[in-house]
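Take a look at the structure set out below.
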There are 2 protein chains.
Amino acid sequence: MYNRKTFTNDLIVAVIVAIMLVPQSLAYAQLAGLPPEVGLYASMAPLVLYAVFGTSRSLSVGPVAVTSLMTLAAVAPVAALGSPEYLAAAMALALLTGVILLILGFMKLGFLSNFMSFPVMSGLGTAVGIQIATSQLTPMLGIPTEGGTFLSQFISLVKNFRQINIYITAIGVPSFIFLLLVRKYLVNLLTRAGVGKGLAGILAKMGPVLAIIITILVVAGFELDRQGVKIVGEVPSGLPGIALPPFDLSLWSQLATPAILIAIVGYVASISVAQTLASKKRQHVDPNQELVALGVANIGASISGGFPVAGGFSRSIVNFEAGAETPAAGAFAAMGIALVTLFLTPLLYFLPSATLGATIMVAVLSMVNFKAVKITYAYSPTDGIAMALTIILTLTLGVIAGLIAGIGISLMMYLYRTSRPHIAIIGQVPGTQHFRNIDRHHVVTSSQIVSMRIDESLYFPNARFLEAKVSERVSAYPEANHFILNCSAVNSIDASGLESLKAINLRLKEGGITFHLSEVKGPVIDGLKKTQFYQEIKHRIHFTHYDAIYSINPDLAKQTMEETKFS
Amino acid sequence: MYNRKTFTNDLIVAVIVAIMLVPQSLAYAQLAGLPPEVGLYASMAPLVLYAVFGTSRSLSVGPVAVTSLMTLAAVAPVAALGSPEYLAAAMALALLTGVILLILGFMKLGFLSNFMSFPVMSGLGTAVGIQIATSQLTPMLGIPTEGGTFLSQFISLVKNFRQINIYITAIGVPSFIFLLLVRKYLVNLLTRAGVGKGLAGILAKMGPVLAIIITILVVAGFELDRQGVKIVGEVPSGLPGIALPPFDLSLWSQLATPAILIAIVGYVASISVAQTLASKKRQHVDPNQELVALGVANIGASISGGFPVAGGFSRSIVNFEAGAETPAAGAFAAMGIALVTLFLTPLLYFLPSATLGATIMVAVLSMVNFKAVKITYAYSPTDGIAMALTIILTLTLGVIAGLIAGIGISLMMYLYRTSRPHIAIIGQVPGTQHFRNIDRHHVVTSSQIVSMRIDESLYFPNARFLEAKVSERVSAYPEANHFILNCSAVNSIDASGLESLKAINLRLKEGGITFHLSEVKGPVIDGLKKTQFYQEIKHRIHFTHYDAIYSINPDLAKQTMEETKFS
């Protein structure tokens, strides 16, 4: 029930969130190569629209680091930085992103986000963190850089190092150190001083606001803008108008691939934040509805003059820690940003880009996680390799090409790993009806019967491997006239796996060997019953592996049981 | 041991195979848009080289339908049909295909061929069969057609139908009917007349030779070439020289994608034929060595003036049925073709293209299999949809684009299916230590403990689904303070799955719920032991699900056992 208490609570949360979001919005607009007011525009409509359509009570939707960098990577090749076409293209990109998310949501295609596996997302985060941090050295030190990839920026930073601006550096570096210290130690300091943990977290998040106020005063007081210190300058005050971006098919087709990637990356990041926060309060987030909400938020960002948005962790955690009780908190925060946009933009005139650069730098450093590569490699070498390659390719080829390559490599590594499942030749443990790997246990086998167990579902990545292994094993047992495939670990058989079973059955038959299946799970049998293959083999599908041996040679089966009993 | 008997045998096989291969080689060269002698060139070196490097004793490598059509699709956009550049590009394509196969073989990357799942390969076969059959109506009826896709050819066939040449049709259509009858009925007729089955099969394969001889005589006798009947004309006699195709980086980069696809399609087709024939004699084929052999064969085709080659079923079955005993049969067959190339090409002067068209038409019709779509759909709807879309896209977009789209869709359908595995909430079957699905069985549960079983390995396609399901279930049991995930069907956990388990563990903890695992398989535990996560959860990994319940609440577990015993 919404009463005065929750209203007051949401209002307080909104003020806090709005104060924190303003510097973030300005900084991410700068990162995306857009004028500062665009960052403010992109922070209003999405907040309200997500509040209406979203299922998480804590998620805050707006400009975030990854999607801002991807916007830069997508728009820079199609329009000149600073031109009206650049802004129009960024708006078109947000519209496309939104429409793609809506389609995915309506068609319940959220599963496509699975292409973005953990190694790809984690590798992308590290690479994007490094690239953004490098790119922010330009506003923080005043060194001009070129190119859209980490590599080209790094090279031009080294080459142009002598063009460093001492005044810019005198603002950028101290801001950075201040923000880093606030982020690292302020919460601890405040809690030790007796401040509640939630409030301490929020106060620490106010660091950027303080840095902005101080540096604005310094630049204005010493007239540092005359010393080459880049400032935000005049920000148009007033709320954005509502307008569709221009309809331009050739532009849209160039932006389609980046829009798909931004949609999926933004969605994966948002849903993970939403689920993490929801579970703390045992709330549930609906993955398909989240696609719709994020889609509407992006369309809203587009038509109100903004650029692609997503749910961010640092902005949402404020919502959460400040104790947002209903989605209305988001709407109130949007109103707060609207008030800033209407009345306070003249105060931002002297805000130096160096401070915004420092804000971004501190925010993205936590995304860099090289240790994840080592840890992942130790657990699963193929996943570790996929992660390392995603990082390297994103840094050298740029974020869009690197991400596509990373997804491709991750799929290949997956295929590689699952294409060779564990396969064992099994034999009977004497005196029991159990069958185990002949390489690991003392078991009894017969030269007439080959028993093989595959520890994986039968599907296209391993279908041909199974065929090859069966043929290899059978050619090693020249006396065999029966082959039993133990399916106790087979959860499913797809059309490729079924074709392999049919080919194996046919080939064994032509080699004079009878093909049996044992321990096939219920749902798998149900599926097979729809096939012609089942009619051929149904009398050779056995409930247990012992039954299979017994059906071929009862004496053999019993003998193995008894021999050992009396020995 | 190679003695006079096996030598004589191989020699006889070689003569038969050579006679059969000549018309096939000429026809596939025509299909690929190349001069007839190129087909002969592509049939010599590959035969010898495969004999040296291959592991199948029956596989015959040379021009086949699919790769010939793909050659046309790859080379037509980069060079004018009939120009020297066209031939050079075809040779470069064979070289690239060969190098890619060699790399795949040396790096043991044969698993990449798994991308070509059964639905894609089967759909490709049907689409290619339809497209080739349509394209051969041009030489068989003399109707000019345009465009590289089925759709464009079909439209121009209808549009230009009035340009039909009655003389060409009078050769093409009867040849087609003759070849169809021979293929369908001759084996039966001959075996009924007392001819051995193997010999009958071989004689039936001689149909094209007979059709060629008759139509050459007809064209020469009635001077039909003056009536607009297209003939092969002068074929340069003599053996091909050895030369590398021109080094042209821009050409190579245009041919790279088709070369990768030709390499993989050719390999998949070859290995399947090789395995089928090998198993009949309980021989074994080494998949990685086959990549090398096919790679060397393609490089050989390239430098001897040919175009991409693969192992073909119809050519290999002759080898097999004629009883090739050693790879030397292939070398002898190559010598036979060399003799034809040296001395008999003048006899081919009057050979009409219509006859070659009819030969191809009969060969490819057996590739068309629409029933497979229906059967596959009935077994696995997602696989059936992937197959149908591969057919439609190949027919409308062309073979290269259609194949790429087919692979993409097949992967998406796979992700879709595996992204939502079967998940059940389970309870204890009264009086036992068994746990079953609460929706299907009469079981006992506790409001404090949620037990869930997932019937699939935990990997990236279903990692997020599991997270969502756990959160959904937990929010439905507000009193729960323990959650047990039963892993009896989990064969493996990849890095994405591990991340999900970590996220689930963390989120449940923050919601006040303890996370347990039960019935984790040995190899999966071995993997988990390398992780930090294992240290956190090891005391909550239970051997059986009953153990898990017992560890949480012994009274509850025992009570359920006893209550029912005495009731």
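So you can find residues: chains in the structure tokens are A, B, ... in the order shown, residues in each start at 1, and ligands are numbered from 1 in order.
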
Within 6 Å of chain A, which residues of chain B are there when counting only C-alpha atoms? Please give them as a PyMOL selection string.
chain B and resi 114+117-118+279-280+282+284+460-461+472+475+496+507+510-511

Residues from the last selection, all heavy atoms, saved as a compact mmCIF listing (two decimals), in the first residue's frame:
```txt
# COMPACT_ATOMS: atom_id res chain seq x y z
N ASN B 114 31.42 -30.26 -36.87
CA ASN B 114 30.17 -30.49 -36.15
C ASN B 114 29.19 -29.32 -36.31
O ASN B 114 27.99 -29.49 -36.10
CB ASN B 114 30.44 -30.73 -34.67
CG ASN B 114 31.11 -32.06 -34.44
OD1 ASN B 114 30.85 -33.02 -35.16
ND2 ASN B 114 31.98 -32.12 -33.47
N SER B 117 25.54 -29.58 -38.65
CA SER B 117 24.72 -30.60 -38.00
C SER B 117 23.88 -31.33 -39.04
O SER B 117 23.77 -30.91 -40.19
CB SER B 117 23.82 -29.94 -36.96
OG SER B 117 22.93 -29.06 -37.60
N PHE B 118 23.24 -32.41 -38.61
CA PHE B 118 22.42 -33.19 -39.53
C PHE B 118 21.34 -32.36 -40.23
O PHE B 118 21.20 -32.45 -41.46
CB PHE B 118 21.80 -34.39 -38.80
CG PHE B 118 20.69 -35.05 -39.55
CD1 PHE B 118 20.96 -35.81 -40.69
CD2 PHE B 118 19.38 -34.88 -39.16
CE1 PHE B 118 19.93 -36.39 -41.39
CE2 PHE B 118 18.34 -35.47 -39.86
CZ PHE B 118 18.62 -36.23 -40.98
N SER B 279 32.82 -49.62 -42.43
CA SER B 279 32.20 -50.47 -41.42
C SER B 279 31.72 -51.78 -42.02
O SER B 279 31.64 -52.79 -41.33
CB SER B 279 31.04 -49.72 -40.77
OG SER B 279 30.06 -49.43 -41.74
N LYS B 280 31.42 -51.75 -43.32
CA LYS B 280 30.97 -53.00 -43.95
C LYS B 280 32.06 -54.05 -43.91
O LYS B 280 31.79 -55.24 -43.99
CB LYS B 280 30.57 -52.74 -45.40
CG LYS B 280 29.33 -51.90 -45.53
CD LYS B 280 28.78 -51.93 -46.94
CE LYS B 280 27.68 -50.89 -47.08
NZ LYS B 280 26.91 -51.04 -48.30
N ARG B 282 34.46 -53.84 -41.49
CA ARG B 282 35.04 -53.67 -40.15
C ARG B 282 36.41 -53.01 -40.20
O ARG B 282 37.33 -53.37 -39.46
CB ARG B 282 35.17 -55.02 -39.44
CG ARG B 282 33.84 -55.60 -39.07
CD ARG B 282 34.01 -56.42 -37.84
NE ARG B 282 32.81 -57.16 -37.53
CZ ARG B 282 32.68 -57.89 -36.42
NH1 ARG B 282 33.68 -57.96 -35.57
NH2 ARG B 282 31.58 -58.52 -36.17
N HIS B 284 38.62 -49.30 -40.07
CA HIS B 284 38.44 -48.05 -39.34
C HIS B 284 39.02 -46.87 -40.12
O HIS B 284 40.05 -46.99 -40.78
CB HIS B 284 39.12 -48.15 -37.97
CG HIS B 284 38.97 -46.90 -37.17
ND1 HIS B 284 37.74 -46.39 -36.83
CD2 HIS B 284 39.89 -46.04 -36.67
CE1 HIS B 284 37.91 -45.28 -36.14
NE2 HIS B 284 39.20 -45.04 -36.04
N PHE B 460 26.58 -23.00 -20.62
CA PHE B 460 26.11 -21.65 -20.90
C PHE B 460 24.71 -21.55 -21.50
O PHE B 460 23.99 -20.62 -21.18
CB PHE B 460 27.15 -20.85 -21.71
CG PHE B 460 27.22 -21.17 -23.18
CD1 PHE B 460 26.42 -20.49 -24.08
CD2 PHE B 460 28.09 -22.15 -23.63
CE1 PHE B 460 26.48 -20.77 -25.42
CE2 PHE B 460 28.15 -22.44 -24.98
CZ PHE B 460 27.34 -21.75 -25.88
N PRO B 461 24.26 -22.52 -22.35
CA PRO B 461 22.91 -22.30 -22.89
C PRO B 461 21.81 -22.31 -21.82
O PRO B 461 20.77 -21.71 -22.03
CB PRO B 461 22.72 -23.47 -23.86
CG PRO B 461 24.09 -23.92 -24.21
CD PRO B 461 24.90 -23.70 -22.96
N GLU B 472 12.54 -18.15 -9.08
CA GLU B 472 11.09 -18.28 -9.20
C GLU B 472 10.55 -19.25 -8.14
O GLU B 472 9.57 -18.96 -7.44
CB GLU B 472 10.79 -18.81 -10.60
CG GLU B 472 9.34 -18.80 -11.01
CD GLU B 472 9.17 -19.50 -12.36
OE1 GLU B 472 9.82 -19.08 -13.34
OE2 GLU B 472 8.41 -20.50 -12.41
N SER B 475 10.90 -17.94 -4.51
CA SER B 475 9.92 -16.90 -4.14
C SER B 475 8.53 -17.51 -3.95
O SER B 475 7.66 -16.90 -3.36
CB SER B 475 9.90 -15.78 -5.19
OG SER B 475 9.48 -16.27 -6.43
N SER B 496 30.40 -21.07 -17.29
CA SER B 496 29.16 -20.30 -17.14
C SER B 496 28.25 -20.95 -16.11
O SER B 496 27.60 -20.27 -15.31
CB SER B 496 28.43 -20.20 -18.49
OG SER B 496 29.27 -19.65 -19.47
N ARG B 507 23.05 -15.49 -3.83
CA ARG B 507 21.72 -14.89 -3.75
C ARG B 507 20.85 -15.59 -2.70
O ARG B 507 20.12 -14.93 -1.97
CB ARG B 507 21.04 -14.95 -5.12
CG ARG B 507 21.68 -14.02 -6.12
CD ARG B 507 21.08 -14.21 -7.50
NE ARG B 507 21.88 -13.51 -8.50
CZ ARG B 507 21.80 -13.74 -9.80
NH1 ARG B 507 20.95 -14.64 -10.27
NH2 ARG B 507 22.55 -13.07 -10.64
N GLU B 510 21.90 -14.48 0.72
CA GLU B 510 21.41 -13.15 1.06
C GLU B 510 19.91 -13.14 1.33
O GLU B 510 19.41 -12.24 2.00
CB GLU B 510 21.78 -12.16 -0.04
CG GLU B 510 23.28 -11.94 -0.01
CD GLU B 510 23.74 -10.89 -0.99
OE1 GLU B 510 23.05 -10.70 -2.01
OE2 GLU B 510 24.79 -10.28 -0.74
N GLY B 511 19.22 -14.14 0.81
CA GLY B 511 17.80 -14.28 1.10
C GLY B 511 17.58 -15.17 2.32
O GLY B 511 16.44 -15.54 2.60
```

Would you pick out the contacts of B:Ile484 at 6 Å or less, using only C-alpha atoms, so that residues sharing its chain but fewer than 4 positions from it are not included, and give the list as an NGL selection string?
:B and (451 or 516-517)

Write a file of the just-selected residues containing N, CA, C and O atoms, as a short mmCIF file (atom, residue, chain, number, x, y, z; two decimals), in the first residue's frame.
```cif
data_model
loop_
_atom_site.label_atom_id
_atom_site.label_comp_id
_atom_site.auth_asym_id
_atom_site.auth_seq_id
_atom_site.Cartn_x
_atom_site.Cartn_y
_atom_site.Cartn_z
N SER B 451 13.55 -28.91 -2.93
CA SER B 451 14.43 -29.83 -3.64
C SER B 451 14.16 -29.72 -5.13
O SER B 451 13.01 -29.89 -5.56
N HIS B 516 22.41 -26.32 -1.02
CA HIS B 516 23.05 -27.64 -0.99
C HIS B 516 23.09 -28.24 -2.40
O HIS B 516 22.25 -27.93 -3.23
N LEU B 517 24.04 -29.15 -2.61
CA LEU B 517 24.05 -29.95 -3.83
C LEU B 517 23.94 -31.42 -3.42
O LEU B 517 24.48 -31.81 -2.37
#
```

Residue contacts of stretch 41-47 of chain A (8 Å, only C-alpha atoms) excluding same-chain residues fewer than 6 positions away, as a PyMOL selection string:
chain A and resi 21+25+60-63+239-240+296-298+300-302+304-309+330-331+333-335+337-338

Using only C-alpha atoms, which residue out of B:Thr396, B:Thr355, B:Ser135, B:Gln289 lies closest to B:Ile231?
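Of B:Thr396, B:Thr355, B:Ser135, B:Gln289, the one nearest B:Ile231, counting only C-alpha atoms, is B:Thr355.
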
Looking only at strand (DSSP E) from DSSP on the backbone, list the matching residues of stretch 395-552 of chain B as a short mmCIF file (atom, residue, chain, number, x, y, z; two decimals) with N, CA and C atoms, in the first residue's frame.
```
data_model
loop_
_atom_site.label_atom_id
_atom_site.label_comp_id
_atom_site.auth_asym_id
_atom_site.auth_seq_id
_atom_site.Cartn_x
_atom_site.Cartn_y
_atom_site.Cartn_z
N ILE B 423 13.16 -29.34 -15.64
CA ILE B 423 13.47 -29.09 -14.24
C ILE B 423 12.29 -29.53 -13.41
N ALA B 424 12.53 -30.26 -12.32
CA ALA B 424 11.42 -30.75 -11.50
C ALA B 424 11.67 -30.44 -10.03
N ILE B 425 10.60 -30.06 -9.34
CA ILE B 425 10.66 -29.99 -7.88
C ILE B 425 10.38 -31.41 -7.40
N ILE B 426 11.24 -31.93 -6.51
CA ILE B 426 11.09 -33.32 -6.12
C ILE B 426 10.79 -33.46 -4.64
N GLY B 427 10.16 -34.58 -4.31
CA GLY B 427 9.84 -34.90 -2.92
C GLY B 427 10.13 -36.37 -2.66
N GLN B 428 10.09 -36.73 -1.37
CA GLN B 428 10.47 -38.08 -0.98
C GLN B 428 9.30 -39.05 -1.17
N PHE B 435 13.56 -39.93 -4.41
CA PHE B 435 12.93 -38.61 -4.58
C PHE B 435 12.44 -38.48 -6.01
N ARG B 436 11.20 -38.07 -6.16
CA ARG B 436 10.59 -37.96 -7.50
C ARG B 436 9.87 -36.62 -7.68
N ASN B 437 9.55 -36.32 -8.94
CA ASN B 437 8.82 -35.12 -9.34
C ASN B 437 7.50 -35.00 -8.56
N ILE B 449 12.23 -26.93 3.08
CA ILE B 449 13.26 -27.40 2.15
C ILE B 449 12.70 -27.45 0.73
N VAL B 450 13.36 -26.78 -0.20
CA VAL B 450 12.99 -26.90 -1.61
C VAL B 450 14.02 -27.82 -2.29
N SER B 451 13.55 -28.91 -2.93
CA SER B 451 14.43 -29.83 -3.64
C SER B 451 14.16 -29.72 -5.13
N MET B 452 15.20 -29.43 -5.92
CA MET B 452 15.01 -29.27 -7.36
C MET B 452 15.99 -30.17 -8.10
N ARG B 453 15.50 -30.80 -9.19
CA ARG B 453 16.39 -31.64 -10.01
C ARG B 453 16.44 -31.04 -11.41
N ILE B 454 17.64 -30.89 -11.97
CA ILE B 454 17.77 -30.42 -13.35
C ILE B 454 18.26 -31.58 -14.20
N HIS B 482 16.18 -23.87 3.21
CA HIS B 482 17.18 -24.73 2.57
C HIS B 482 16.77 -25.00 1.13
N PHE B 483 17.76 -25.01 0.25
CA PHE B 483 17.50 -25.32 -1.16
C PHE B 483 18.51 -26.38 -1.59
N ILE B 484 18.02 -27.52 -2.10
CA ILE B 484 18.93 -28.60 -2.53
C ILE B 484 18.79 -28.79 -4.04
N LEU B 485 19.90 -28.68 -4.76
CA LEU B 485 19.90 -28.95 -6.20
C LEU B 485 20.40 -30.36 -6.43
N ASN B 486 19.53 -31.23 -6.96
CA ASN B 486 19.90 -32.62 -7.25
C ASN B 486 20.59 -32.67 -8.61
N THR B 514 20.00 -21.65 2.80
CA THR B 514 21.24 -22.40 2.65
C THR B 514 21.17 -23.26 1.38
N PHE B 515 22.24 -23.21 0.58
CA PHE B 515 22.26 -23.91 -0.71
C PHE B 515 23.02 -25.22 -0.57
N HIS B 516 22.41 -26.32 -1.02
CA HIS B 516 23.05 -27.64 -0.99
C HIS B 516 23.09 -28.24 -2.40
N LEU B 517 24.04 -29.15 -2.61
CA LEU B 517 24.05 -29.95 -3.83
C LEU B 517 23.94 -31.42 -3.42
N SER B 518 23.27 -32.23 -4.24
CA SER B 518 23.24 -33.66 -3.94
C SER B 518 23.49 -34.47 -5.20
N ILE B 541 27.74 -30.58 0.02
CA ILE B 541 27.59 -31.49 -1.12
C ILE B 541 27.34 -32.88 -0.55
N HIS B 542 26.18 -33.45 -0.87
CA HIS B 542 25.78 -34.71 -0.24
C HIS B 542 25.74 -35.84 -1.26
#
```

Name the residues in contact with B:Ser250 at a cut-off of 12 Å, using only C-alpha atoms, excluding same-chain residues fewer than 6 positions from it; report them as a PDB file with N, CA and C atoms, in the first residue's frame.
```
ATOM      1  N   VAL B  78      33.408 -13.379 -58.872  1.00  0.00           N
ATOM      2  CA  VAL B  78      34.724 -12.723 -58.950  1.00  0.00           C
ATOM      3  C   VAL B  78      35.352 -12.768 -60.343  1.00  0.00           C
ATOM      4  N   ALA B  89      40.633 -18.598 -60.775  1.00  0.00           N
ATOM      5  CA  ALA B  89      39.952 -18.455 -59.483  1.00  0.00           C
ATOM      6  C   ALA B  89      39.510 -19.816 -58.952  1.00  0.00           C
ATOM      7  N   ALA B  92      42.523 -21.413 -57.538  1.00  0.00           N
ATOM      8  CA  ALA B  92      42.856 -20.778 -56.255  1.00  0.00           C
ATOM      9  C   ALA B  92      41.911 -21.264 -55.162  1.00  0.00           C
ATOM     10  N   ALA B 256      37.812 -16.784 -49.394  1.00  0.00           N
ATOM     11  CA  ALA B 256      38.107 -17.458 -48.120  1.00  0.00           C
ATOM     12  C   ALA B 256      36.869 -18.109 -47.506  1.00  0.00           C
TER      13      ALA B 256
END
```

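Shortest separation to A:Phe161 among A:Ile103, A:Asp555, A:Ala293, A:Thr138 occurs at residue A:Thr138, atoms counted being only C-alpha atoms.
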
One decimal, in Å: what's the spacing between atom CA of A:Leu403 and atom CA of A:Tyr86?
22.8 Å

Within 10 Å of B:Pro246, counting only C-alpha atoms, which residues show up once you throw out same-chain ones fewer than 4 positions away? Write them as a JSON list (two decimals) with all heavy atoms, in the first residue's frame, please.
```
[["chain", "number", "residue", "atom", "x", "y", "z"],
["B", 85, "GLU", "N", 40.52, -15.97, -66.13],
["B", 85, "GLU", "CA", 40.47, -15.60, -64.72],
["B", 85, "GLU", "C", 39.53, -16.53, -63.94],
["B", 85, "GLU", "O", 39.74, -16.81, -62.77],
["B", 85, "GLU", "CB", 39.97, -14.16, -64.53],
["B", 85, "GLU", "CG", 40.95, -13.08, -64.97],
["B", 85, "GLU", "CD", 41.00, -12.94, -66.48],
["B", 85, "GLU", "OE1", 39.96, -13.22, -67.13],
["B", 85, "GLU", "OE2", 42.08, -12.59, -67.00],
["B", 88, "ALA", "N", 41.45, -19.62, -63.23],
["B", 88, "ALA", "CA", 42.46, -19.32, -62.21],
["B", 88, "ALA", "C", 41.83, -19.22, -60.83],
["B", 88, "ALA", "O", 42.37, -19.72, -59.84],
["B", 88, "ALA", "CB", 43.18, -18.02, -62.56],
["B", 89, "ALA", "N", 40.63, -18.60, -60.78],
["B", 89, "ALA", "CA", 39.95, -18.45, -59.48],
["B", 89, "ALA", "C", 39.51, -19.82, -58.95],
["B", 89, "ALA", "O", 39.58, -20.08, -57.74],
["B", 89, "ALA", "CB", 38.75, -17.52, -59.62],
["B", 91, "MET", "N", 41.01, -22.66, -59.52],
["B", 91, "MET", "CA", 42.22, -23.32, -59.02],
["B", 91, "MET", "C", 42.63, -22.74, -57.67],
["B", 91, "MET", "O", 43.00, -23.48, -56.74],
["B", 91, "MET", "CB", 43.37, -23.14, -60.02],
["B", 91, "MET", "CG", 43.20, -23.96, -61.29],
["B", 91, "MET", "SD", 44.36, -23.45, -62.61],
["B", 91, "MET", "CE", 45.93, -23.80, -61.83],
["B", 92, "ALA", "N", 42.52, -21.41, -57.54],
["B", 92, "ALA", "CA", 42.86, -20.78, -56.25],
["B", 92, "ALA", "C", 41.91, -21.26, -55.16],
["B", 92, "ALA", "O", 42.32, -21.52, -54.02],
["B", 92, "ALA", "CB", 42.77, -19.26, -56.39],
["B", 251, "LEU", "N", 41.83, -11.53, -54.30],
["B", 251, "LEU", "CA", 41.03, -12.66, -54.78],
["B", 251, "LEU", "C", 40.87, -13.69, -53.65],
["B", 251, "LEU", "O", 39.77, -14.17, -53.38],
["B", 251, "LEU", "CB", 41.73, -13.31, -55.99],
["B", 251, "LEU", "CG", 41.07, -14.57, -56.52],
["B", 251, "LEU", "CD1", 39.74, -14.27, -57.20],
["B", 251, "LEU", "CD2", 41.98, -15.31, -57.50],
["B", 252, "TRP", "N", 41.98, -13.99, -52.99],
["B", 252, "TRP", "CA", 41.94, -15.01, -51.93],
["B", 252, "TRP", "C", 41.01, -14.62, -50.80],
["B", 252, "TRP", "O", 40.30, -15.46, -50.25],
["B", 252, "TRP", "CB", 43.35, -15.25, -51.39],
["B", 252, "TRP", "CG", 44.21, -16.02, -52.35],
["B", 252, "TRP", "CD1", 43.97, -16.21, -53.68],
["B", 252, "TRP", "CD2", 45.43, -16.71, -52.08],
["B", 252, "TRP", "NE1", 44.97, -16.96, -54.24],
["B", 252, "TRP", "CE2", 45.88, -17.28, -53.28],
["B", 252, "TRP", "CE3", 46.19, -16.88, -50.92],
["B", 252, "TRP", "CZ2", 47.05, -18.02, -53.37],
["B", 252, "TRP", "CZ3", 47.35, -17.63, -51.01],
["B", 252, "TRP", "CH2", 47.78, -18.19, -52.21]]
```

When you look at B:Pro174 with a cut-off of 12 Å (counting only C-alpha atoms), what residues show up, excluding the ones that are within fewer than 3 positions of it in the same chain? I need them as a ChimeraX atom specification.
/B:140-141,167-171,177-181,211,214-215,354-355,357-359

Any chance you could list, as a list in words, the residues in stretch 171-200 of chain A that come up alpha helix (DSSP H) when DSSP is run on the backbone?
Ile171, Gly172, Val173, Pro174, Ser175, Phe176, Ile177, Phe178, Leu179, Leu180, Leu181, Val187, Asn188, Leu189, Leu190, Thr191, Arg192, Lys197, Gly198, Leu199 and Ala200 of chain A

Need to verify the contact set: stretch 205-210 of chain A, 12 Å, only C-alpha atoms, exclusion of same-chain residues closer than 6 positions in sequence. Can you return it as a PyMOL selection string?
chain A and resi 15-27+175-187+198-199+216-217+314-319+321-322+348+351+355-363

The distance between atom CA of A:Leu151 and atom CA of A:Ala73 is 14.0 Å

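Between atom CA of B:Leu347 and atom CA of B:Val219 the separation is 12.1 Å.
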